[in-house]
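Structure record follows, encoded as C-alpha cells.
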Amino acid sequence: MKVDTLDTSKLDKVVSVMEGLAQRRKAQSATEGGAMYYDIVANSFRKVRDARDEGQPLVAHTIFVPTELLFAMDIVPFYLEGMCEITARVNGMEDVFSAAKSAGFATEICSAHRLVDGTVLKGWMPRPDAFVWSNLVCDLTLKTGDYLVKQYDRPGFYLDRPYRYDEDAVQYYVKELEALVSFLEEFTGRRLDWDRLKEVMEYSRQATELFREICELRKAVPSPMRNQHMIEMCLAQLLISGAPELVEFYRGIRDEVKVAVEGGVGLVPEEKYRLLTFFFYPAHIWKLLDAMQNEYGAVIVTEPHLTPWADGEIDPGRPLESLARKAFALVDTGPLQPFLDKVLREAEEYKAEGALYWAHIGCRQTCATTRIIKDALLERGIPTLVIDCDLADPTYVSGEQTKAKLEEFFELLDERK
Amino acid sequence: MNELSSLRAIREVNASFPYSDPVRAWKEEGRKVVAFQCAYMPEEVIWAAGALPMRLTGSRGEIGLEEANAYMYVNTCSFIRTSLEMVLTGQYDFLDGFVLGATCDCSRRLADLWQHFALTPFVHVLTVPRKMTEWAYELYEKEVRSLKNRLEGFLGVQITDPALWEAIDLYNRERALFRQLHELRKLDSPPITGSETLEVLNASRRMPPDQFVPLLEKLVEEASTCGRAVQGQFRILVNGSPMNNPEFLEAIEELGGLVVIDELCTGIRYWWEGVDAAPDPIQAIARRYLHNFPCPRMEPSEDRAQRALRIAEDYRVDGVVTEMVRYCVPWTMEQPLQRMAFESVGIPVLELDLEYGTAGTGPIRTRIQAFMEMLETRAVV
Amino acid sequence: MLVAGIDLGNLTTKVVVLREDEIVASAILIAAGEGEAEALRAFGEALRPGQPAMQDLECVVATGVGRKSVPFAQRQRASASCLARGIHHLYPSVRILIDVGAETCTVVKLNERGLLEDSATNERCASGTGVFLETMAKLMHMPLEEMAKRSLLAEGVAEVSNMCAIFAEQEVISHVHRDPPTPMNDIIAGIHTSMATRVGGLAKRVGIREDVALTGGVARNVGFARTLEDNLGVRLVIPDQPELVAALGAAVSAREEAAKKAAV
C-alpha cells in the first residue's frame with residue numbers, strides 16, 4: 001500500500017486556522033509573550049506545504065529528532081506527531097481514526113500515533129523526501145517510523161538513543177548522529193556546513209538558556225506564568241529547535257514572566273492551589289485548565305516531564321555531543337529514578353501542594369509510573385489526582401467528568417490547608 | 001499415537017514451576033537463581049558466574065492481576081503484569097536476582113518498579129541497542145561486561161574466560177540440539193507437536209542447562225528414531241507476543257493445525273543463532289545476542305520481516321496465527337506490515353487479540369476453527 | 001449545636017442530624033423524587049414530631065450524586081471527603097474506607113486526622129457494586145437477604161468471572177443449569193468472590209492500611225463482607241448503619257462550617 005494522492009487543501013486549512021488564531025492572540029494583547037506561538041505553528045505548516053514548490057528537501061521526523069541538523073542543511077522539517085494531530089483536529093479526527101482502524105491498527109495503540117498513521121493514509125500530508133525517526137519517547141515512535149517509511153516508500157534513517165545516560169551511551173549516540181549527517185548529505189546531495197551548524201547551535205543554546213531562566217522564574221510565589229505557555233514552549237521547541245524565532249518566542253515569554261515576578265504579580269488575584277502536572281494534557285483540556293485557574297485559583301507551577309532541558313548545556317563548538325546530551329535529558333526514555341528525584345526536588349522548589357497526573361490511556365510508559373510517583377509525593381504531603389484521559393481523542397472521557405474530579409480534588413486540597 | 005517418553009521428565013519440571021524441583025534442589029545446595037525477562041539478556045554470563053538463569057514467565061492460564069494492577073496500570077501488557085503478580089504473591093520468593101534488557105516500555109517499567117522496591121537483592125538493567133551497527137555491538141559488549149562485573153561483585157566470584165567459554169559451549173550445544181529438533185519439524189509429519197515443543201522450550205529455562213541438555217539429547221534421539229508421525233491438516237507458524245501456555249497451541253492442533261515453527265521470544269530466539277568463536281568471550285556473547293533473530297523492537301524492521309518470511313518458506317507454512325497480547329505495542333504496530341508481508345506471498349494470517357496466558361478456549365477457539373475452515377476452503381480451490 | 005448532613009445517592013437519600021457528637025435523628029429513603037423535593041421528604045422522615053425542626057438546624061451540608069440540587073444546603077461537598085469525616089467520627093483508627101453502594105464503589109484513604117488523602121472510584125462497571133448483587137439474586141431466584149448469608153455455608157467456590165458483570169451473569173446461569181447443577185451455596189460463594197476480587201482490586205490500587213472499614217448498603221451483606229476480608233487479609237470494621245456514613249460525614253462538615261461562622 002503506497003500513499004499516492006495528496007490533498008494539500010487540508011494543510012491550507014490548518015495554515016488559515018493558525019493565522020486566524022495568531023491574529024486573535026495579538027489583538028488580545030500585543031505584548032503577550034505567547035502571541036508568537038501561532039505564528040510559529042502557521043509558518044511551520046506553510047513551509048511544509050510549500051517545500052516541494054520551493055524546491056526544498058522535506059524530511060518528516062518523529063518527536064525530539066534534532067531539527068538543528070535539518071536547519072543547518074536548509075532542510076524543511078515536518079514534525080509528524082504534532083503536525084498530524086493538528087491537521088486531524090482541524091480537518092476531522094473521526095475520519096483519521098477510521099483510516100487507522102481500517103489499516104489494522106488496534107485501538108489500544110496511542111491515539112497520537114494512530115492519528116499520524118491515519119493522516120498519512122488519508123493523503124492529507126505532503127510526501128516527504130526522507131524520514132528520520134527514533135525511539136524517543138517510546139516504542140510507538142519507533143514503529144510509526146517503520147510503518148511510514150514503507151507507506152511513503154522513501155529512504156529513512158533510524159536514530160537510536162540508548163536507555164541509560166552514561167559516557168559510552170553519549171559516544172554511541174554521537175556516532176548515530178554522524179551517521180544521520182551522512183544520510184542527510186547523501187540523499188540531499190548537499191554537504192553539511194559545520195559553520196552554519198555552529199550558528200544554529202548557538203540559537204539552540206540561547207533558547208536553552210532562556211528556557212532555564214523561565215523555569216527558574218516560575219518558582220516565584222505567586223506563580224507568574226500562564227498554564228498554557230509551557231505547552232506552547234514545548235511544541236515550539238519540537239517544531240523549530242535551532243531557529244532564531246524560537247529564541248525570540250522564549251525571550252518574549254521570559255520578559256513577560258520577569259515583569260510579573262518583579263512586580264510580585266500572579267496569574268490570578270488569589271492563588272489557591274499550586275499544582276504539579278505530569279505528562280501532557282490533552283488539547284481539549286486546555287480550556288478547562290484556564291477555567292480552573294480563574295474559577296478556583298489553581299495554577300500549574302511546573303511540569304516535570306516537560307522541563308528537562310532546563311538543565312541542558314549546549315556548546316556550539318561541540319554540536320553533535322551537545323545534541324546527544326540534550327537527548328539524554330529526556331526522562332521518558334530512561335530509568336525512573338532520576339525522574340523521581342527531579343519530581344521530588346521540584347515539588348519542593350516550586351512549593352507544590354498537589355499534583356495532577358494525566359494518565360493517557362495510550363501511554364504505557366508514563367502510566368506505569370503513577371503509583372510510585374503518587375506514593376512518593378504523598379509521603380511529602382502532596383496528594384496526586386490521577387486523571388484517566390486520552391491525549392488526542394476527546395470522546396474518551398468527558399470534560400464534565402474531568403471537571404468533577406478536579407473539583408473534588410480541590411476540596412481535598414482545601415482540607416489539608 | 002504413541003507418546004514421546006522423554007517428555008515425561010520435561011513435563012515434571014514444568015508441573016512444579018515456578019519453584020520447580022530442579023530449582024529447589026539448586027537452592028538447597030545454597031546456590032543462587034537470577035531471573036531474566038527478555039531474550040536479549042545474555043544467559044551464559046549468569047551461568048558462568050555459577051548462578052542459574054531462569055526466564056520470568058507466567059504459568060498456565062490467565063490469572064487475576066489485582067496486586068500487579070495496584071502498582072502498574074491497565075495499559076501495561078498482561079505479560080508483564082502476570083510476571084509481577086507472581087512475584088508480589090510470593091511465587092518467585094526464591095529469586096536472588098533479576099536482570100533485564102531494557103528492550104520495551106512495559107518491561108523496563110517493571111525494572112523500575114523492581115529496583116524501587118528492591119524485590120530481589122540484585123537487580124541489573126542492560127541497555128540494548130536497537131541496531132546491529134559496529135558501534136552498537138561495541139556498546140552492547142560494554143553492557144554485557146558491566147553485567148559481568150556486577151555479578152562478580154554480588155556473587156563474590158571471578159567470572160573467568162574459561163568459565164565463559166564453557167558456558168558458551170553448553171548453550172551452543174543446547175542450541176544445536178534445538179536446531180536438530182526443529183529440522184525434524186520440517187518433515188511432512190514431524191515426530192513432535194508444537195505444543196510439546198513449547199513445553200520443552202519452557203523447561204529449558206526452568207532448570208540448570210547442564211541438566212536440561214541431557215534431557216534434550218534423549219528427546220532428539222527418541223524423536224529421530226521412534227517413527228512417531230504427527231498428523232495435521234495445515235502447517236502453522238505461530239508468532240506474536242511472549243507466549244508460554246502450551247494449551248494455546250494444543251487448541252490450534254486439536255482443530256487441525258500443525259504448529260511446525262514459531263517466531264516467539266519464548267521459542268526461536270532461544271536457539272536460532274549460536275555464539276561464534278572470537279578473541280574474547282564477552283565480545284562473542286554480545287555479538288550473538290544482538291545479531292540473533294530480531295524481535296520487533298529492532299531496526300531495520302525489514303530484517304526481521306525477511307527472516308520471518310524465510311522460515312515460513314523453509315517450514316512450508318500454510319498459515320500464520322499471530323497472538324498479540326493487548327497493549328503489546330511492538331507487535332500490534334508491526335502487525336499491519338507483517339500481515340501484508342505474509343499475505344503477499346500467499347500465506348493467510350489469523351490475528352488474535354488476547355491476554356497473556358490464554359488457553360485458547362471460547363471465542364478464541366471459535367476464531368481458530370474458522371481460520372482452519374477458511375484454509376480448507378482455500379486448499380480445495 | 002444542631003446540624004445535618006444529607007447524602008443523595010443513586011438509589012437512596014440519607015439524612016443524619018447531629019447534636020454535638022450525637023446522632024439524634026436519621027433516615028434512609030428509597031429515592032422517589034428529584035433534588036429538593038426528595039431532600040425535603042428525607043428531612044421530613046428524619047424529623048418527626050418531638051424531634052427538632054428544620055429551622056433549628058444551624059447548618060446543612062449536602063453530598064452524593066445529587067448534592068448540587070439542594071438549595072437549602074449551606075454547602076455541598078464531594079462524597080469522598082464526607083466518607084472520610086464520617087468514618088473518622090465513628091472509628092478514628094480507620095485509614096482505608098471501602099464504600100460499596102448501589103451503583104458505585106469508592107475507596108477512600110484518610111489520615112489520622114480524618115483528612116482525605118486519596119480516593120478511587122469504580123467508574124465504568126457494575127461488577128463491584130450493589131447492582132451486581134441485585135442482578136445475581138434475581139438469577140438465583142432468591143431475596144438478596146437470603147443470598148447474603150448462604151456463601152457462609154458453602155463447601156466450595158464456583159468459578160465466576162471477575163472481569164465483567166455480563167460474563168459473570170452468563171457463568172452463573174451456566175452453573176445453575178449444569179448437570180448436575182453446582183450447589184447453590186457454592187455459586188453464591190463464587191458470586192461473592194468475584195465481587196470481592198473486583199472491590200479488593202480497587203482497594204489495593206489505593207493501598208491497604210489498617211484499619212479498613214466497609215460501608216454502604218452492601219456492607220450489610222455478611223457473606224460478601226467475609227469474602228472481602230479473605231481477599232484483603234484483614235478484619236473489616238463495619239458500622240452499625242453503614243449506609244449513613246457519608247451523610248454523617250456531611251453533618252460533621254456542617255458542624256465545622258457552623259463553628260467557623262460562630263468564631264467570626
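Quick note on naming: the chains in the C-alpha cells go A, B, ... in the order shown, residues restart at 1 in each chain, and ligands are numbered from 1 in order of appearance.
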
So which bits of stretch 5-225 of chain C end up strand (DSSP E or B) when you DSSP the backbone, as a count of residues only? 49

Pick out the chain C residues within 8 Å of chain B. Count only C-alpha atoms. Give them as number ranges by chain. C: 197, 200-202, 204-207

Separation of atom CA of A:Asp332 and atom CA of A:Tyr163, in Å?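 Straight-line distance from atom CA of A:Asp332 to atom CA of A:Tyr163 works out to 9.8 Å.
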
Kindly assemble as a Markdown table a list of the chain C residues that lie within 10 Å of chain A, each paired with its nearest atom pair and their distance in Å to one decimal, using only C-alpha atoms, sorted first by chain and then by ascending residue number.
| residue | atom | partner | partner_atom | distance |
| --- | --- | --- | --- | --- |
| C:Arg77 | CA | A:Glu411 | CA | 7.6 |
| C:Ala78 | CA | A:Glu408 | CA | 5.7 |
| C:Ser79 | CA | A:Glu408 | CA | 8.5 |
| C:Ala80 | CA | A:Glu408 | CA | 8.0 |
| C:Ser81 | CA | A:Leu412 | CA | 6.9 |
| C:Gly114 | CA | A:Glu415 | CA | 9.8 |
| C:Leu115 | CA | A:Glu415 | CA | 6.7 |
| C:Leu116 | CA | A:Leu412 | CA | 6.1 |
| C:Glu117 | CA | A:Pro383 | CA | 6.2 |
| C:Asp118 | CA | A:Pro383 | CA | 6.8 |
| C:Ser119 | CA | A:Leu385 | CA | 8.6 |
| C:Ala120 | CA | A:Val386 | CA | 9.2 |
| C:Arg205 | CA | A:Arg371 | CA | 8.1 |
| C:Val206 | CA | A:Arg371 | CA | 8.7 |
| C:Gly207 | CA | A:Asp375 | CA | 9.5 |

Could you take the residues named above and write them with N, CA and C atoms, as an mmCIF file, in the first residue's frame?
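again05.cif was written with the following content:
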data_model
loop_
_atom_site.group_PDB
_atom_site.id
_atom_site.type_symbol
_atom_site.label_atom_id
_atom_site.label_comp_id
_atom_site.auth_asym_id
_atom_site.auth_seq_id
_atom_site.Cartn_x
_atom_site.Cartn_y
_atom_site.Cartn_z
ATOM 1 N N ARG C 77 -20.470 19.120 49.435
ATOM 2 C CA ARG C 77 -19.122 18.531 49.455
ATOM 3 C C ARG C 77 -19.120 17.224 48.688
ATOM 4 N N ALA C 78 -17.952 16.893 48.164
ATOM 5 C CA ALA C 78 -17.813 15.617 47.464
ATOM 6 C C ALA C 78 -17.949 14.461 48.449
ATOM 7 N N SER C 79 -18.413 13.339 47.948
ATOM 8 C CA SER C 79 -18.656 12.166 48.805
ATOM 9 C C SER C 79 -17.411 11.687 49.519
ATOM 10 N N ALA C 80 -16.292 11.695 48.794
ATOM 11 C CA ALA C 80 -15.074 11.114 49.368
ATOM 12 C C ALA C 80 -14.720 11.779 50.693
ATOM 13 N N SER C 81 -14.759 13.103 50.727
ATOM 14 C CA SER C 81 -14.359 13.756 51.975
ATOM 15 C C SER C 81 -15.394 13.544 53.077
ATOM 16 N N GLY C 114 -8.386 12.313 60.001
ATOM 17 C CA GLY C 114 -9.640 12.195 59.270
ATOM 18 C C GLY C 114 -9.635 12.962 57.967
ATOM 19 N N LEU C 115 -8.458 13.402 57.550
ATOM 20 C CA LEU C 115 -8.379 14.136 56.289
ATOM 21 C C LEU C 115 -8.183 13.194 55.121
ATOM 22 N N LEU C 116 -8.857 13.526 54.044
ATOM 23 C CA LEU C 116 -8.792 12.707 52.843
ATOM 24 C C LEU C 116 -7.422 12.835 52.185
ATOM 25 N N GLU C 117 -6.835 11.687 51.838
ATOM 26 C CA GLU C 117 -5.546 11.740 51.150
ATOM 27 C C GLU C 117 -5.641 11.280 49.706
ATOM 28 N N ASP C 118 -6.556 10.363 49.452
ATOM 29 C CA ASP C 118 -6.658 9.822 48.108
ATOM 30 C C ASP C 118 -8.004 9.126 47.988
ATOM 31 N N SER C 119 -8.512 9.019 46.778
ATOM 32 C CA SER C 119 -9.718 8.223 46.595
ATOM 33 C C SER C 119 -9.723 7.643 45.198
ATOM 34 N N ALA C 120 -10.458 6.556 45.042
ATOM 35 C CA ALA C 120 -10.594 5.929 43.727
ATOM 36 C C ALA C 120 -12.021 5.417 43.614
ATOM 37 N N ARG C 205 -5.268 -0.753 44.724
ATOM 38 C CA ARG C 205 -4.674 0.322 43.943
ATOM 39 C C ARG C 205 -4.468 1.550 44.793
ATOM 40 N N VAL C 206 -5.344 1.743 45.766
ATOM 41 C CA VAL C 206 -5.153 2.858 46.696
ATOM 42 C C VAL C 206 -4.120 2.471 47.749
ATOM 43 N N GLY C 207 -4.063 1.208 48.078
ATOM 44 C CA GLY C 207 -3.103 0.710 49.071
ATOM 45 C C GLY C 207 -3.806 0.393 50.376
#

Taking only C-alpha atoms into account, what are the residues of chain A at most 8 Å from chain B, put as a VMD selection string? chain A and resid 103 to 106 108 to 109 138 to 140 142 to 144 146 to 147 158 160 to 164 168 to 169 172 175 335 to 337 361 to 365 367 to 372

Using only C-alpha atoms, what table do you get, as a Markdown table, when you list each residue of stretch 326-381 of chain B with an atom no more than 7 Å from stretch 55-63 of chain B, its nearest pair of atoms, and their distance in Å rounded to one decimal, rows by chain then rising number?
| residue | atom | partner | partner_atom | distance |
| --- | --- | --- | --- | --- |
| B:Tyr356 | CA | B:Glu62 | CA | 6.4 |
| B:Gly357 | CA | B:Gly61 | CA | 4.5 |
| B:Thr358 | CA | B:Gly61 | CA | 5.3 |
| B:Ala359 | CA | B:Gly61 | CA | 5.9 |

I need the residues of stretch 86-199 of chain C that end up classed as alpha helix (DSSP H) by DSSP on the backbone, written out as a VMD selection string. chain C and resid 86 to 90 130 to 139 144 to 150 165 to 177 184 to 199

Could you jot down the atom CA of C:Asn111 to atom CA of C:Arg85 separation for me, Å, one decimal place? 10.4 Å

Expressed in Å, the length from atom CA of A:Pro394 to atom CA of A:Cys84 is 15.9 Å
